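Q: Just one file: run37.json, with JSON, C-alpha atoms.
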[["chain", "number", "residue", "atom", "x", "y", "z"],
["A", 1, "MET", "CA", 18.88, 44.97, -53.39],
["A", 2, "LYS", "CA", 19.80, 43.47, -50.09],
["A", 3, "ALA", "CA", 19.35, 45.75, -47.10],
["A", 4, "ASP", "CA", 19.95, 44.89, -43.47],
["A", 5, "SER", "CA", 17.33, 47.33, -42.23],
["A", 6, "PHE", "CA", 14.37, 49.35, -43.41],
["A", 7, "PHE", "CA", 16.41, 52.55, -43.30],
["A", 8, "GLN", "CA", 19.14, 50.99, -45.42],
["A", 9, "TYR", "CA", 16.44, 50.06, -47.92],
["A", 10, "ILE", "CA", 15.09, 53.63, -47.95],
["A", 11, "ASN", "CA", 18.58, 55.12, -48.22],
["A", 12, "GLY", "CA", 19.33, 52.77, -51.12],
["A", 13, "PHE", "CA", 16.15, 53.90, -52.84],
["A", 14, "SER", "CA", 16.98, 57.56, -52.27],
["A", 15, "HIS", "CA", 20.44, 57.02, -53.78],
["A", 16, "LEU", "CA", 18.90, 55.24, -56.76],
["A", 17, "MET", "CA", 16.39, 58.04, -57.41],
["A", 18, "SER", "CA", 19.11, 60.68, -57.15],
["A", 19, "HIS", "CA", 20.78, 58.87, -60.06],
["A", 20, "LEU", "CA", 17.62, 58.58, -62.19],
["A", 21, "GLU", "CA", 18.64, 58.62, -65.84],
["A", 22, "VAL", "CA", 16.44, 60.63, -68.21],
["A", 23, "THR", "CA", 17.01, 60.73, -71.95],
["A", 24, "ASP", "CA", 15.19, 62.10, -74.95],
["A", 25, "LYS", "CA", 14.42, 60.45, -78.30],
["A", 26, "THR", "CA", 18.00, 60.87, -79.47],
["A", 27, "GLY", "CA", 19.45, 59.28, -76.33],
["A", 28, "GLU", "CA", 20.74, 62.61, -75.04],
["A", 29, "GLY", "CA", 20.51, 63.16, -71.32],
["A", 30, "ILE", "CA", 18.03, 65.74, -70.09],
["A", 31, "THR", "CA", 17.30, 66.96, -66.60],
["A", 32, "VAL", "CA", 14.48, 65.47, -64.60],
["A", 33, "GLU", "CA", 12.90, 68.91, -64.23],
["A", 34, "LYS", "CA", 13.02, 69.63, -67.97],
["A", 35, "SER", "CA", 11.52, 66.22, -68.77],
["A", 36, "LEU", "CA", 8.69, 66.67, -66.29],
["A", 37, "GLU", "CA", 7.98, 70.16, -67.61],
["A", 38, "SER", "CA", 7.69, 68.70, -71.14],
["A", 39, "ILE", "CA", 5.23, 66.05, -69.96],
["A", 40, "LEU", "CA", 3.15, 68.54, -67.99],
["A", 41, "SER", "CA", 3.07, 70.91, -70.96],
["A", 42, "ARG", "CA", 1.80, 68.09, -73.17],
["A", 43, "ILE", "CA", -0.82, 67.20, -70.57],
["A", 44, "ALA", "CA", -1.98, 70.85, -70.58],
["A", 45, "GLU", "CA", -2.39, 70.56, -74.37],
["A", 46, "ILE", "CA", -4.25, 67.28, -73.92],
["A", 47, "LYS", "CA", -6.67, 68.97, -71.53],
["A", 48, "LYS", "CA", -7.13, 71.97, -73.83],
["A", 49, "ASN", "CA", -7.75, 69.80, -76.92],
["A", 50, "ALA", "CA", -9.82, 67.02, -75.27],
["A", 51, "LEU", "CA", -7.23, 64.36, -76.06],
["A", 52, "LYS", "CA", -6.26, 61.47, -73.77],
["A", 53, "ILE", "CA", -3.53, 59.71, -71.83],
["A", 54, "MET", "CA", -2.98, 55.97, -72.28],
["A", 55, "ILE", "CA", -0.91, 54.06, -69.74],
["A", 56, "ILE", "CA", 0.31, 50.48, -70.26],
["A", 57, "GLY", "CA", 2.23, 47.90, -68.28],
["A", 58, "ASN", "CA", 2.28, 44.23, -67.26],
["A", 59, "GLY", "CA", 1.98, 42.76, -63.78],
["A", 60, "GLY", "CA", 3.16, 45.25, -61.15],
["A", 61, "SER", "CA", 3.63, 47.83, -63.90],
["A", 62, "ALA", "CA", -0.03, 47.34, -64.90],
["A", 63, "ALA", "CA", -0.97, 48.07, -61.29],
["A", 64, "ILE", "CA", 1.07, 51.28, -61.40],
["A", 65, "ALA", "CA", -0.62, 52.18, -64.71],
["A", 66, "SER", "CA", -4.08, 51.58, -63.22],
["A", 67, "HIS", "CA", -3.27, 53.62, -60.13],
["A", 68, "MET", "CA", -1.98, 56.50, -62.25],
["A", 69, "GLN", "CA", -5.06, 56.35, -64.48],
["A", 70, "ASN", "CA", -7.31, 56.40, -61.42],
["A", 71, "ASP", "CA", -5.54, 59.44, -59.96],
["A", 72, "ILE", "CA", -5.55, 61.37, -63.23],
["A", 73, "CYS", "CA", -9.23, 60.75, -63.97],
["A", 74, "LYS", "CA", -10.47, 61.30, -60.43],
["A", 75, "THR", "CA", -8.53, 64.39, -59.48],
["A", 76, "SER", "CA", -7.99, 66.25, -62.76],
["A", 77, "GLY", "CA", -10.92, 65.24, -64.92],
["A", 78, "LEU", "CA", -8.63, 64.32, -67.78],
["A", 79, "ARG", "CA", -9.38, 61.30, -69.92],
["A", 80, "ALA", "CA", -6.91, 58.56, -69.11],
["A", 81, "MET", "CA", -7.16, 54.88, -69.93],
["A", 82, "VAL", "CA", -5.47, 51.55, -69.37],
["A", 83, "PHE", "CA", -5.88, 48.44, -71.50],
["A", 84, "THR", "CA", -6.28, 45.92, -68.68],
["A", 85, "GLU", "CA", -10.02, 45.34, -68.94],
["A", 86, "GLN", "CA", -9.87, 41.54, -68.63],
["A", 87, "PRO", "CA", -12.40, 40.28, -71.18],
["A", 88, "LEU", "CA", -11.08, 42.53, -73.96],
["A", 89, "LEU", "CA", -7.40, 41.95, -73.11],
["A", 90, "THR", "CA", -7.89, 38.19, -72.96],
["A", 91, "ALA", "CA", -9.89, 38.21, -76.21],
["A", 92, "TYR", "CA", -7.04, 39.92, -78.06],
["A", 93, "SER", "CA", -4.49, 37.70, -76.32],
["A", 94, "ASN", "CA", -6.36, 34.52, -77.18],
["A", 95, "ASP", "CA", -7.42, 35.39, -80.72],
["A", 96, "ILE", "CA", -4.27, 37.18, -81.90],
["A", 97, "SER", "CA", -1.47, 36.92, -79.30],
["A", 98, "TYR", "CA", -0.51, 38.43, -75.99],
["A", 99, "ALA", "CA", 2.44, 40.12, -77.71],
["A", 100, "ALA", "CA", 0.01, 41.92, -80.04],
["A", 101, "ALA", "CA", -2.77, 42.77, -77.57],
["A", 102, "TYR", "CA", -1.55, 46.23, -76.48],
["A", 103, "GLU", "CA", -0.45, 46.95, -80.04],
["A", 104, "GLN", "CA", -3.99, 46.29, -81.30],
["A", 105, "LEU", "CA", -5.58, 48.33, -78.51],
["A", 106, "THR", "CA", -3.18, 51.23, -79.06],
["A", 107, "SER", "CA", -3.97, 51.14, -82.76],
["A", 108, "LEU", "CA", -7.69, 51.25, -81.94],
["A", 109, "TRP", "CA", -7.57, 54.10, -79.40],
["A", 110, "ALA", "CA", -4.52, 56.30, -80.09],
["A", 111, "ASP", "CA", -4.98, 59.68, -81.71],
["A", 112, "ASN", "CA", -2.45, 62.22, -82.88],
["A", 113, "GLY", "CA", -1.43, 64.36, -79.89],
["A", 114, "ASP", "CA", -2.27, 61.78, -77.21],
["A", 115, "LEU", "CA", 0.23, 60.74, -74.54],
["A", 116, "LEU", "CA", 1.27, 57.08, -74.18],
["A", 117, "ILE", "CA", 3.07, 56.18, -70.96],
["A", 118, "ALA", "CA", 4.74, 52.75, -71.21],
["A", 119, "ILE", "CA", 5.92, 51.12, -67.98],
["A", 120, "SER", "CA", 8.13, 48.00, -67.97],
["A", 121, "SER", "CA", 10.62, 47.07, -65.26],
["A", 122, "SER", "CA", 12.79, 45.11, -67.69],
["A", 123, "GLY", "CA", 12.13, 47.32, -70.70],
["A", 124, "ARG", "CA", 11.96, 44.14, -72.78],
["A", 125, "SER", "CA", 8.25, 43.26, -72.84],
["A", 126, "GLU", "CA", 7.33, 42.67, -76.46],
["A", 127, "ASN", "CA", 3.73, 43.75, -76.03],
["A", 128, "ILE", "CA", 4.83, 47.08, -74.55],
["A", 129, "LEU", "CA", 7.44, 47.68, -77.26],
["A", 130, "ARG", "CA", 4.96, 46.93, -80.04],
["A", 131, "ALA", "CA", 2.38, 49.30, -78.54],
["A", 132, "VAL", "CA", 4.98, 52.06, -78.29],
["A", 133, "HIS", "CA", 5.82, 51.72, -81.99],
["A", 134, "VAL", "CA", 2.13, 52.02, -82.90],
["A", 135, "GLY", "CA", 1.69, 55.01, -80.58],
["A", 136, "GLU", "CA", 4.66, 56.71, -82.17],
["A", 137, "ALA", "CA", 3.30, 56.06, -85.68],
["A", 138, "LYS", "CA", -0.05, 57.54, -84.61],
["A", 139, "GLY", "CA", 1.61, 60.76, -83.40],
["A", 140, "CYS", "CA", 1.50, 60.19, -79.65],
["A", 141, "MET", "CA", 4.08, 61.60, -77.28],
["A", 142, "ILE", "CA", 5.79, 58.55, -75.77],
["A", 143, "VAL", "CA", 7.07, 58.46, -72.18],
["A", 144, "THR", "CA", 8.81, 55.29, -70.99],
["A", 145, "LEU", "CA", 9.67, 54.07, -67.51],
["A", 146, "SER", "CA", 12.08, 51.16, -67.30],
["A", 147, "GLY", "CA", 14.87, 49.63, -65.25],
["A", 148, "PHE", "CA", 17.17, 46.64, -65.04],
["A", 149, "ARG", "CA", 19.75, 46.58, -67.85],
["A", 150, "GLN", "CA", 21.22, 49.63, -69.59],
["A", 151, "ASP", "CA", 20.64, 48.04, -72.99],
["A", 152, "ASN", "CA", 16.89, 47.50, -72.57],
["A", 153, "PRO", "CA", 15.15, 48.52, -75.80],
["A", 154, "LEU", "CA", 12.30, 50.49, -74.18],
["A", 155, "LYS", "CA", 14.63, 53.19, -72.85],
["A", 156, "LYS", "CA", 15.54, 54.09, -76.43],
["A", 157, "THR", "CA", 12.02, 54.46, -77.81],
["A", 158, "GLY", "CA", 10.34, 57.35, -76.01],
["A", 159, "ASP", "CA", 10.35, 61.08, -76.45],
["A", 160, "ILE", "CA", 11.22, 61.00, -72.73],
["A", 161, "ASN", "CA", 12.73, 57.92, -71.11],
["A", 162, "TYR", "CA", 13.12, 57.35, -67.35],
["A", 163, "TYR", "CA", 15.56, 54.60, -66.42],
["A", 164, "LEU", "CA", 16.54, 53.19, -63.03],
["A", 165, "ASN", "CA", 19.84, 51.35, -63.09],
["A", 166, "VAL", "CA", 19.02, 48.44, -60.79],
["A", 167, "GLU", "CA", 17.83, 44.86, -61.32],
["A", 168, "ASP", "CA", 15.38, 44.80, -58.42],
["A", 169, "TYR", "CA", 11.63, 44.82, -59.02],
["A", 170, "GLY", "CA", 10.90, 46.48, -55.69],
["A", 171, "TYR", "CA", 13.13, 49.47, -56.32],
["A", 172, "VAL", "CA", 12.18, 49.83, -59.99],
["A", 173, "GLU", "CA", 8.45, 49.64, -59.34],
["A", 174, "LEU", "CA", 8.72, 51.97, -56.36],
["A", 175, "GLY", "CA", 10.64, 54.48, -58.49],
["A", 176, "HIS", "CA", 8.08, 54.25, -61.29],
["A", 177, "SER", "CA", 5.30, 54.80, -58.74],
["A", 178, "VAL", "CA", 7.02, 57.94, -57.44],
["A", 179, "ILE", "CA", 7.33, 59.35, -60.97],
["A", 180, "ALA", "CA", 3.67, 58.51, -61.70],
["A", 181, "HIS", "CA", 2.49, 60.13, -58.46],
["A", 182, "TYR", "CA", 4.58, 63.24, -59.07],
["A", 183, "ILE", "CA", 3.07, 63.71, -62.52],
["A", 184, "SER", "CA", -0.48, 63.08, -61.25],
["A", 185, "ASP", "CA", -0.01, 65.47, -58.34],
["A", 186, "GLN", "CA", 1.47, 68.22, -60.52],
["A", 187, "ILE", "CA", -1.44, 68.09, -62.96],
["A", 188, "ASN", "CA", -3.70, 69.25, -60.16],
["A", 189, "ILE", "CA", -1.40, 72.03, -58.96],
["A", 190, "ARG", "CA", -1.24, 73.71, -62.36]]
Can you present the structure in this file as structure tokens?

A:
Amino acid sequence: MKADSFFQYINGFSHLMSHLEVTDKTGEGITVEKSLESILSRIAEIKKNALKIMIIGNGGSAAIASHMQNDICKTSGLRAMVFTEQPLLTAYSNDISYAAAYEQLTSLWADNGDLLIAISSSGRSENILRAVHVGEAKGCMIVTLSGFRQDNPLKKTGDINYYLNVEDYGYVELGHSVIAHYISDQINIR
């Protein structure tokens, strides 16, 4: 979004976040607080049962995923993982396809009761969508973070879906980072 000043940019972001859309698996709207409570309850179960959190994304979203994984592991002692280890990711991408790489890795690592957090600004990345379907089939709780267009397919696939209605990478990625930090910070407070 175009902003004439830094404070316009920040005010635009604040407005966007105050209109964060959160839906459940059925597409029904739920409150931000209720959605976050559901995620944090699942994370408490993950900790109790020695399960794990998997976080996926491409590009800037992969950076958000890695940062979230780092914070969760370092500060809470929970097992969290990303699938961006270069040799393995490029092996799957080269030998099978990039579209199938996260799907294959999710199939390898996902267990019933795990949490899969899928981050995609556009909500249209095939590799993310395919991984989400595998995670769902394996019994993972699915949380999605997306933006751009209302009709993006990712925002219809999760148990909890966060959507920012703006076609601007900066705002979408910033919003996803705020959500990721909030979750990571709350794990340590509880």

Q: Near region 67-69 of chain A, within 6 Å and counting all atoms listed in the file, which residues show up once chain neighbours fewer than 3 positions away are dropped, as JSON, numbers by chain?

A: {"A": [64, 72, 80]}

Q: Under the rule that only C-alpha atoms are counted, which of A:Ile117, A:Ile43, A:Ala3, A:Ile142 is the nearest residue to Lys156 (chain A)?

A: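 For Lys156 (chain A), the nearest of the candidates is A:Ile142.
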
Q: My list of candidates is A:Thr75, A:Gln186, A:Ser41, A:Asn58. Which is closest to Leu115 (chain A) when distances are computed with all atoms listed in the file?

A: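 Nearest to Leu115 (chain A): A:Ser41.
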
Q: For Leu16 (chain A), which of A:Val178, A:Ile55, A:Leu164, A:Cys73 is the closest residue, counting all atoms listed in the file?

A: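 Of A:Val178, A:Ile55, A:Leu164, A:Cys73, the one nearest Leu16 (chain A) is A:Leu164, counting all atoms listed in the file.
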
Q: Would you mind telling me which residue in A:Tyr162, A:Cys140, A:Tyr171, A:Asn188 lies nearest to Arg42 (chain A) when using all atoms listed in the file?

A: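 Among the listed residues, A:Cys140 lies closest to Arg42 (chain A).
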
Q: From the list A:Asp151, A:Glu126, A:Asp111, A:Asp168, which residue is nearest Asn49 (chain A) when using only C-alpha atoms?

A: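 Among the listed residues, the smallest separation from Asn49 (chain A) belongs to A:Asp111.
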
Q: Between A:Ala65, A:Ile119, A:Ile53, A:Ile128, single out the one closest to Ser146 (chain A), counting all atoms listed in the file.

A: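 Checking each candidate against Ser146 (chain A), we get A:Ile119 as the closest.
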
Q: Could you write out as JSON the box around region 2-19 of chain A (axis-aligned, all atoms listed in the file, 8 Å on each side), with centre and edge lengths in Å to one decimal?

A:
{"center_x": 17.6, "center_y": 52.1, "center_z": -51.1, "size_x": 22.4, "size_y": 33.2, "size_z": 33.8}

Q: What is the CA of His181 (chain A) to CA of Lys2 (chain A) distance in Å?

A: 25.4 Å

Q: Measure the distance from CA of Glu167 (chain A) to CA of Glu28 (chain A) in Å and round it to one decimal.

A: 22.6 Å

Q: Take CA of Leu105 (chain A) and CA of Ala118 (chain A) and report the distance between them in Å, one decimal.

A: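 Between CA of Leu105 (chain A) and CA of Ala118 (chain A) the gap works out to 13.4 Å.
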
Q: Could you pull the residues within 12 Å of Leu20 (chain A), counting only C-alpha atoms, minus those fewer than 4 positions along the same chain, as a PyMOL selection string?

A: chain A and resi 13-16+29-33+35+145-147+161-166+171-172+175-176+178-179

Q: As a tab-separated table (two decimals), in the frame of the given file, could you write out region 69-89 of chain A once it has been completed with N, CA, C and O atoms?

A:
chain	number	residue	atom	x	y	z
A	69	GLN	N	-3.84	56.03	-63.75
A	69	GLN	CA	-5.06	56.35	-64.48
A	69	GLN	C	-6.16	56.78	-63.52
A	69	GLN	O	-6.86	57.75	-63.77
A	70	ASN	N	-6.31	56.06	-62.43
A	70	ASN	CA	-7.31	56.40	-61.42
A	70	ASN	C	-7.09	57.81	-60.89
A	70	ASN	O	-8.02	58.62	-60.81
A	71	ASP	N	-5.85	58.12	-60.52
A	71	ASP	CA	-5.54	59.44	-59.96
A	71	ASP	C	-5.80	60.56	-60.97
A	71	ASP	O	-6.35	61.60	-60.62
A	72	ILE	N	-5.38	60.33	-62.21
A	72	ILE	CA	-5.55	61.37	-63.23
A	72	ILE	C	-7.03	61.63	-63.50
A	72	ILE	O	-7.47	62.78	-63.53
A	73	CYS	N	-7.80	60.58	-63.68
A	73	CYS	CA	-9.23	60.75	-63.97
A	73	CYS	C	-9.96	61.39	-62.79
A	73	CYS	O	-10.74	62.33	-62.98
A	74	LYS	N	-9.71	60.88	-61.61
A	74	LYS	CA	-10.47	61.30	-60.43
A	74	LYS	C	-10.15	62.73	-60.02
A	74	LYS	O	-11.04	63.50	-59.68
A	75	THR	N	-8.89	63.09	-60.04
A	75	THR	CA	-8.53	64.39	-59.48
A	75	THR	C	-8.42	65.51	-60.50
A	75	THR	O	-8.53	66.67	-60.14
A	76	SER	N	-8.18	65.17	-61.78
A	76	SER	CA	-7.99	66.25	-62.76
A	76	SER	C	-9.08	66.31	-63.81
A	76	SER	O	-9.16	67.28	-64.56
A	77	GLY	N	-9.87	65.25	-63.91
A	77	GLY	CA	-10.92	65.24	-64.92
A	77	GLY	C	-10.43	64.98	-66.33
A	77	GLY	O	-11.20	65.08	-67.28
A	78	LEU	N	-9.16	64.65	-66.45
A	78	LEU	CA	-8.63	64.32	-67.78
A	78	LEU	C	-9.05	62.90	-68.16
A	78	LEU	O	-9.27	62.05	-67.30
A	79	ARG	N	-9.11	62.65	-69.44
A	79	ARG	CA	-9.38	61.30	-69.92
A	79	ARG	C	-8.08	60.52	-69.93
A	79	ARG	O	-7.13	60.88	-70.61
A	80	ALA	N	-8.06	59.46	-69.15
A	80	ALA	CA	-6.91	58.56	-69.11
A	80	ALA	C	-7.44	57.14	-69.15
A	80	ALA	O	-8.52	56.85	-68.62
A	81	MET	N	-6.69	56.25	-69.80
A	81	MET	CA	-7.16	54.88	-69.93
A	81	MET	C	-6.02	53.89	-69.82
A	81	MET	O	-4.86	54.22	-70.10
A	82	VAL	N	-6.37	52.69	-69.38
A	82	VAL	CA	-5.47	51.55	-69.37
A	82	VAL	C	-6.12	50.46	-70.21
A	82	VAL	O	-7.34	50.50	-70.45
A	83	PHE	N	-5.35	49.50	-70.64
A	83	PHE	CA	-5.88	48.44	-71.50
A	83	PHE	C	-5.94	47.11	-70.75
A	83	PHE	O	-5.67	46.06	-71.31
A	84	THR	N	-6.28	47.14	-69.48
A	84	THR	CA	-6.28	45.92	-68.68
A	84	THR	C	-7.69	45.42	-68.36
A	84	THR	O	-7.87	44.62	-67.46
A	85	GLU	N	-8.68	45.86	-69.11
A	85	GLU	CA	-10.02	45.34	-68.94
A	85	GLU	C	-9.97	43.87	-69.38
A	85	GLU	O	-9.69	43.56	-70.54
A	86	GLN	N	-10.19	42.96	-68.44
A	86	GLN	CA	-9.87	41.54	-68.63
A	86	GLN	C	-10.54	40.87	-69.84
A	86	GLN	O	-9.83	40.21	-70.61
A	87	PRO	N	-11.83	40.98	-70.03
A	87	PRO	CA	-12.40	40.28	-71.18
A	87	PRO	C	-11.81	40.73	-72.53
A	87	PRO	O	-11.51	39.90	-73.39
A	88	LEU	N	-11.63	42.03	-72.70
A	88	LEU	CA	-11.08	42.53	-73.96
A	88	LEU	C	-9.61	42.14	-74.12
A	88	LEU	O	-9.19	41.67	-75.18
A	89	LEU	N	-8.83	42.31	-73.06
A	89	LEU	CA	-7.40	41.95	-73.11
A	89	LEU	C	-7.24	40.46	-73.39
A	89	LEU	O	-6.41	40.07	-74.23
